[in-house]
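Participant: Next up is a structure, given as structure tokens.
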Amino acid sequence: MTLIAKLSLLILLVFPFSSLAAIPVQLTTDFEPISGTIIMPIGEEYLVDLDASVNLQVGDILTLIMAGEKVIHPITKETLGTLDLAKGYLQVTQIKSGYSYVKLLSAEVSPKKGDRVKRFEQTPTRFESSQPSGKLAEELKIALPHLNWLSDSDKTNPELIFFLADNSLKIINSAGVELKTYPYHDGQLTAQTTVAQTPDIFQLKEPPQKNKSLLNQAVSNLTGSISIGKKDKRLENPGIIQNQQQQNGIWIGQNLDGNPVGVAVADFDGDGQLETAVAMEDHLQILRMTNNKFVPVATINFAKSVHLLSLDTVDIDSNGTPEIYLSANVGKKLSSQVVEFKQGSYQSTISRIPWFFRTVDLPQEGRTLIAQSMGDSENPFFGQPFRVIRSENELIQGTSIPLPERINLFSFVPFQGTNNDSLYAYISEGDYLHVKNPQGDTIWDSADHFGGTEVSFYNGKQTGTSKDELIQPVYIQQRLLTLPSGEILAAQNEGFRSLNRYRNFNKSRVVALSWNGFAFQEKWKTSAQAGYLADFTLADADNDGQDELVMAIKFQQKNLLQKGRSTVVIYELN
């Protein structure tokens, strides 16, 4: 490799990509892919399991997807996805609560119940302009790569036309109906001017009352956006976080130094009040909500060589105060830690444990601490996960939990299907959500990315690696959580994930998914926010008697050139 090539690679790895300045976030959101399923035919139209809660709008184009050739990792042999093929196209005509009507645009296809659809996936699209457009066409193609951009010589009839004229970018469908308009001045697109009247999931169901506080109105707007809003007197004084700021209805706390890897909420000291534990890469912080502010309670530092990977909490010794279990590595070996509140202070009570830790809700058992050993480069998570038993200051390996192949302890959750059958949801190494049965058969794969993590370690037991081959990191995938209603919560991080040795996520959300017997259907989601979602949990972080969605968000990466900048974000779920 030449010196110039090496320097180019170094610059690529150190400095993250910047987004295109000319393309507003609103446009990419309006035309982002959304996956769904054909429910049934009805007259000359069809029902799909998508609605306004996922930003679906009348006039949107849905692509009927046919699974093509599988993409298989040459080393792990894991199925990373499929080369999906477009069978035909449908257009949204009506939007209801929980489903929508679509009509066929392709006469040669006949959708069947259970067929997959994906909004704007491979939709034939043409860019036209009657005024100077600069690099707008190229920027649109980069920002919306899932569209099938037609060349000037292509004879395919477009389903979408991006037409630049009269200082505005108009998006028109094949019937000539104008779907969207975005003002265009001085080579820049700006916020959209609404054309089509469609349901607005971010609109309050009733006008804000004059005597409501601005905080109450903001939180009401937030809870309405994730389809769980109701009247609640607690909203007049929700008491969220110190230095609270409103960003699109999300309340965030004070800056925390470092790169977060985990968050948990529990009564760690047994005083009847819940504390929030945030694990950074090199230390653990304990915070408590006091007088509507997060107040630091303790900071637990570890040896400089200890690199924290994840955080979980559970009271497995049944003494009334939960322990904090931290997966960690030192170099290329596991060195996990246990932190507890004992004799009036937080202490590291057990260390150098050669296991990964994770808590999972198991059927008939509830919240259970499980562990797994480190393996080699081909199978970094060795053997089956197992239950952890504690005897005084000793952790003992308990009975194993047989999981289907390719599932490790970090990214799975068991759940019941519509026929009360046992199923496993898990996020793969390639950031896709999959469902398997106990026999290991894959019965559903997501078309969209889920999870997405920047937390990794290097395995010391590499096999068959040449001296010239770069050792690849192993990533700690995001957790999945189960709600009492049976829905599953999953993180979605967006950003750069193309290089295995470099990942950078800059936008995130949490999505609630419900299994309909054929696929996971999105029920609600938090609004997209800037920053990388490192971990999340459901707990009563502000001690008001109601659980909240608690998230550890990183806004700025800690490295040799800058300090990390992170915080805790809380959604009131009402």
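Scheme for the structure tokens: letters A, B, ... for chains in order shown; per-chain residue numbers from 1; ligand numbers from 1 in order shown.
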As a ChimeraX atom specification, please: every residue in stretch 256-424 of chain A that a backbone DSSP assignment puts in strand (DSSP E).
Facilitator: /A:260-266,275-280,283-290,293-301,306-314,323-330,333-334,336-342,345-353,356-362,366-374,381-391,394-400,412-416,422-424
Participant: Please provide the set of residues having any atom within 9 Å of A:Thr399, restricted to only C-alpha atoms, with same-chain residues fewer than 5 positions apart removed, written as JSON, numbers by chain.
Facilitator: {"A": [385, 386, 387, 388]}
Participant: Mind writing the picked residues with N, CA, C and O atoms as a PDB file, in the first residue's frame?
Facilitator:
```pdb
ATOM      1  N   PRO A 385     -25.140 -19.948  25.932  1.00  0.00           N
ATOM      2  CA  PRO A 385     -25.257 -19.136  27.142  1.00  0.00           C
ATOM      3  C   PRO A 385     -25.777 -19.995  28.296  1.00  0.00           C
ATOM      4  O   PRO A 385     -26.447 -21.009  28.088  1.00  0.00           O
ATOM      5  N   PHE A 386     -25.489 -19.570  29.503  1.00  0.00           N
ATOM      6  CA  PHE A 386     -25.910 -20.335  30.677  1.00  0.00           C
ATOM      7  C   PHE A 386     -26.364 -19.391  31.789  1.00  0.00           C
ATOM      8  O   PHE A 386     -25.970 -18.213  31.832  1.00  0.00           O
ATOM      9  N   ARG A 387     -27.194 -19.901  32.674  1.00  0.00           N
ATOM     10  CA  ARG A 387     -27.651 -19.137  33.824  1.00  0.00           C
ATOM     11  C   ARG A 387     -26.504 -18.977  34.811  1.00  0.00           C
ATOM     12  O   ARG A 387     -25.650 -19.863  34.931  1.00  0.00           O
ATOM     13  N   VAL A 388     -26.525 -17.854  35.532  1.00  0.00           N
ATOM     14  CA  VAL A 388     -25.470 -17.579  36.517  1.00  0.00           C
ATOM     15  C   VAL A 388     -26.046 -17.747  37.920  1.00  0.00           C
ATOM     16  O   VAL A 388     -27.112 -17.205  38.240  1.00  0.00           O
TER      17      VAL A 388
END
```
Participant: With distances taken over only C-alpha atoms, which residue among A:Lys342, A:Gly270, A:Asp312, A:Ala512 lies nearest A:Arg367?
Facilitator: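 Of all the options, A:Asp312 lies closest to A:Arg367.
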Participant: From the list A:Leu326, A:Val48, A:Val314, A:Val297, which residue is nearest A:Pro111 when using only C-alpha atoms?
Facilitator: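 Checking each candidate against A:Pro111, we get A:Val48 as the closest.
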Participant: Grab the atom CA of A:Pro354 to atom CA of A:Lys333 distance for me, in Å with one decimal place.
Facilitator: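 Between atom CA of A:Pro354 and atom CA of A:Lys333 the gap works out to 7.5 Å.
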Participant: Could you please determine the separation between atom CA of A:Trp355 and atom CA of A:Ile407 in Å, to one decimal place?
Facilitator: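 Spanning atom CA of A:Trp355 to atom CA of A:Ile407 is a straight-line distance of 16.2 Å.
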Participant: Could you name the residues that touch A:Tyr46 at 10 Å or less, counting only C-alpha atoms, but leaving out those on the same chain fewer than 6 positions away, as a PyMOL selection string?
Facilitator: chain A and resi 38-40+90+92-93+100-104+111-113
Participant: Which residues come within 12 Å of A:Val58, counting only C-alpha atoms, excluding same-chain residues fewer than 2 positions away, as a short mmCIF file (atom, residue, chain, number, x, y, z; two decimals) with C-alpha atoms, in the first residue's frame?
Facilitator:
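Saved to out01.cif:
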```cif
data_model
loop_
_atom_site.label_atom_id
_atom_site.label_comp_id
_atom_site.auth_asym_id
_atom_site.auth_seq_id
_atom_site.Cartn_x
_atom_site.Cartn_y
_atom_site.Cartn_z
CA ASP A 30 -40.30 11.44 3.59
CA LEU A 50 -48.58 0.23 7.61
CA ASP A 51 -50.16 3.49 8.75
CA ALA A 52 -49.40 7.11 9.61
CA ASN A 55 -44.85 8.40 8.35
CA LEU A 56 -46.74 6.67 5.55
CA ASP A 60 -46.45 6.86 -1.45
CA ILE A 61 -45.18 4.06 -3.70
CA LEU A 62 -44.75 0.57 -2.20
CA LEU A 90 -48.48 -0.24 -5.47
CA GLN A 91 -49.67 3.19 -4.39
CA VAL A 92 -51.19 4.22 -1.06
CA THR A 93 -54.78 5.46 -1.48
CA GLN A 94 -56.16 5.58 2.09
CA ILE A 95 -54.55 5.50 5.54
CA LYS A 96 -56.37 4.05 8.53
CA SER A 100 -53.74 1.27 4.79
CA TYR A 101 -55.28 0.71 1.36
CA VAL A 102 -53.05 0.40 -1.70
CA LYS A 103 -53.81 -0.02 -5.39
CA ARG A 119 -41.79 1.93 0.47
CA ASN A 173 -46.09 10.42 -9.26
CA VAL A 177 -50.19 14.09 -8.78
CA GLU A 178 -47.83 16.34 -6.85
CA LEU A 179 -46.78 14.57 -3.63
CA LYS A 180 -44.20 16.91 -2.11
CA VAL A 195 -49.10 19.53 -0.55
CA ALA A 196 -51.00 16.34 0.21
CA GLN A 197 -53.20 16.37 3.31
CA THR A 198 -52.33 13.24 5.27
CA PRO A 199 -52.69 12.22 8.93
CA ASP A 200 -50.11 13.94 11.12
#
```
Participant: Give me the residues within 10 Å of A:Ala328 as a list in words, counting only C-alpha atoms and dropping any in the same chain fewer than 5 places off.
Facilitator: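 Contacts, with the query itself left out: Glu281, Asp282, Ser305, Val306, His307, Leu308, Leu309, Ser310, Leu311, Lys333, Leu334, Ser335, Ser336, Gln337, Ser351, Arg352, Ile353, Pro354, Trp355, Phe356, Phe357 and Phe457 of chain A.
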Participant: Please identify every residue of stretch 394-434 of chain A that has at least one atom no farther than 10 Å from an atom of stretch 471-493 of chain A, counting only C-alpha atoms, and for each give the shortest atom pair and the distance in Å to one decimal, arranged by chain then increasing number, as JSON lines.
Facilitator:
```
{"residue": "A:Asn408", "atom": "CA", "partner": "A:Gln477", "partner_atom": "CA", "distance": 9.3}
{"residue": "A:Leu409", "atom": "CA", "partner": "A:Arg479", "partner_atom": "CA", "distance": 9.1}
{"residue": "A:Phe410", "atom": "CA", "partner": "A:Arg479", "partner_atom": "CA", "distance": 5.9}
{"residue": "A:Ser411", "atom": "CA", "partner": "A:Arg479", "partner_atom": "CA", "distance": 5.0}
{"residue": "A:Phe412", "atom": "CA", "partner": "A:Leu480", "partner_atom": "CA", "distance": 6.2}
{"residue": "A:Val413", "atom": "CA", "partner": "A:Leu480", "partner_atom": "CA", "distance": 6.1}
{"residue": "A:Pro414", "atom": "CA", "partner": "A:Thr482", "partner_atom": "CA", "distance": 8.6}
{"residue": "A:Phe415", "atom": "CA", "partner": "A:Gly486", "partner_atom": "CA", "distance": 7.6}
{"residue": "A:Gln416", "atom": "CA", "partner": "A:Gly486", "partner_atom": "CA", "distance": 8.1}
{"residue": "A:Gly417", "atom": "CA", "partner": "A:Gly486", "partner_atom": "CA", "distance": 9.7}
{"residue": "A:Ala425", "atom": "CA", "partner": "A:Leu480", "partner_atom": "CA", "distance": 8.2}
{"residue": "A:Tyr426", "atom": "CA", "partner": "A:Leu480", "partner_atom": "CA", "distance": 7.6}
{"residue": "A:Ile427", "atom": "CA", "partner": "A:Gln477", "partner_atom": "CA", "distance": 7.2}
{"residue": "A:Ser428", "atom": "CA", "partner": "A:Gln477", "partner_atom": "CA", "distance": 8.0}
{"residue": "A:Glu429", "atom": "CA", "partner": "A:Gln477", "partner_atom": "CA", "distance": 7.4}
{"residue": "A:Gly430", "atom": "CA", "partner": "A:Gln477", "partner_atom": "CA", "distance": 9.7}
{"residue": "A:Asp431", "atom": "CA", "partner": "A:Gln477", "partner_atom": "CA", "distance": 8.1}
{"residue": "A:Leu433", "atom": "CA", "partner": "A:Ala490", "partner_atom": "CA", "distance": 9.1}
```
Participant: What lies within 10 Å of A:Ser348 using only C-alpha atoms, ignoring chain neighbours under 6 positions off, as a list in words?
Facilitator: Ile300, Asn301, Phe302, Ile324, Tyr325, Gln337, Val338, Val339, Glu340, Phe341 and Lys342 of chain A
Participant: A:Thr418: which residues within 12 Å, counting only C-alpha atoms, same-chain residues fewer than 2 positions away excluded, as a list in words?
Facilitator: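 What passes the distance filter is Phe415, Gln416, Asn420, Asp421, Ser422, Leu423, Gly486, Ser514, Trp515, Asn516, Gly517, Phe518, Ala519 and Phe520 of chain A.
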Participant: Export C-alpha atoms of the chosen residues as a PDB file, in the first residue's frame?
Facilitator:
```pdb
ATOM      1  CA  PHE A 415     -41.228 -14.527  22.640  1.00  0.00           C
ATOM      2  CA  GLN A 416     -44.472 -16.348  21.921  1.00  0.00           C
ATOM      3  CA  ASN A 420     -48.245 -19.717  21.514  1.00  0.00           C
ATOM      4  CA  ASP A 421     -45.257 -21.276  19.770  1.00  0.00           C
ATOM      5  CA  SER A 422     -41.774 -20.467  21.099  1.00  0.00           C
ATOM      6  CA  LEU A 423     -39.772 -18.117  18.880  1.00  0.00           C
ATOM      7  CA  GLY A 486     -45.816  -8.698  24.256  1.00  0.00           C
ATOM      8  CA  SER A 514     -45.592  -6.602  17.297  1.00  0.00           C
ATOM      9  CA  TRP A 515     -45.556 -10.101  15.774  1.00  0.00           C
ATOM     10  CA  ASN A 516     -48.576 -10.727  13.504  1.00  0.00           C
ATOM     11  CA  GLY A 517     -47.819 -14.372  12.739  1.00  0.00           C
ATOM     12  CA  PHE A 518     -45.883 -13.584   9.580  1.00  0.00           C
ATOM     13  CA  ALA A 519     -43.660 -10.624  10.376  1.00  0.00           C
ATOM     14  CA  PHE A 520     -42.908  -7.926  12.926  1.00  0.00           C
TER      15      PHE A 520
END
```
Participant: For a quick check of understanding, using only C-alpha atoms, which of A:Phe294, A:Phe268, A:Tyr432, A:Tyr532 has the smallest distance to A:Gln347?
Facilitator: A:Phe268
Participant: By how many Å are atom CA of A:Ser498 and atom CA of A:Gly258 apart?
Facilitator: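 Going from atom CA of A:Ser498 over to atom CA of A:Gly258 covers 24.4 Å.
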Participant: From the list A:Asp542, A:Glu44, A:Asp271, A:Asp154, which residue is nearest A:Pro124 when using only C-alpha atoms?
Facilitator: A:Asp154
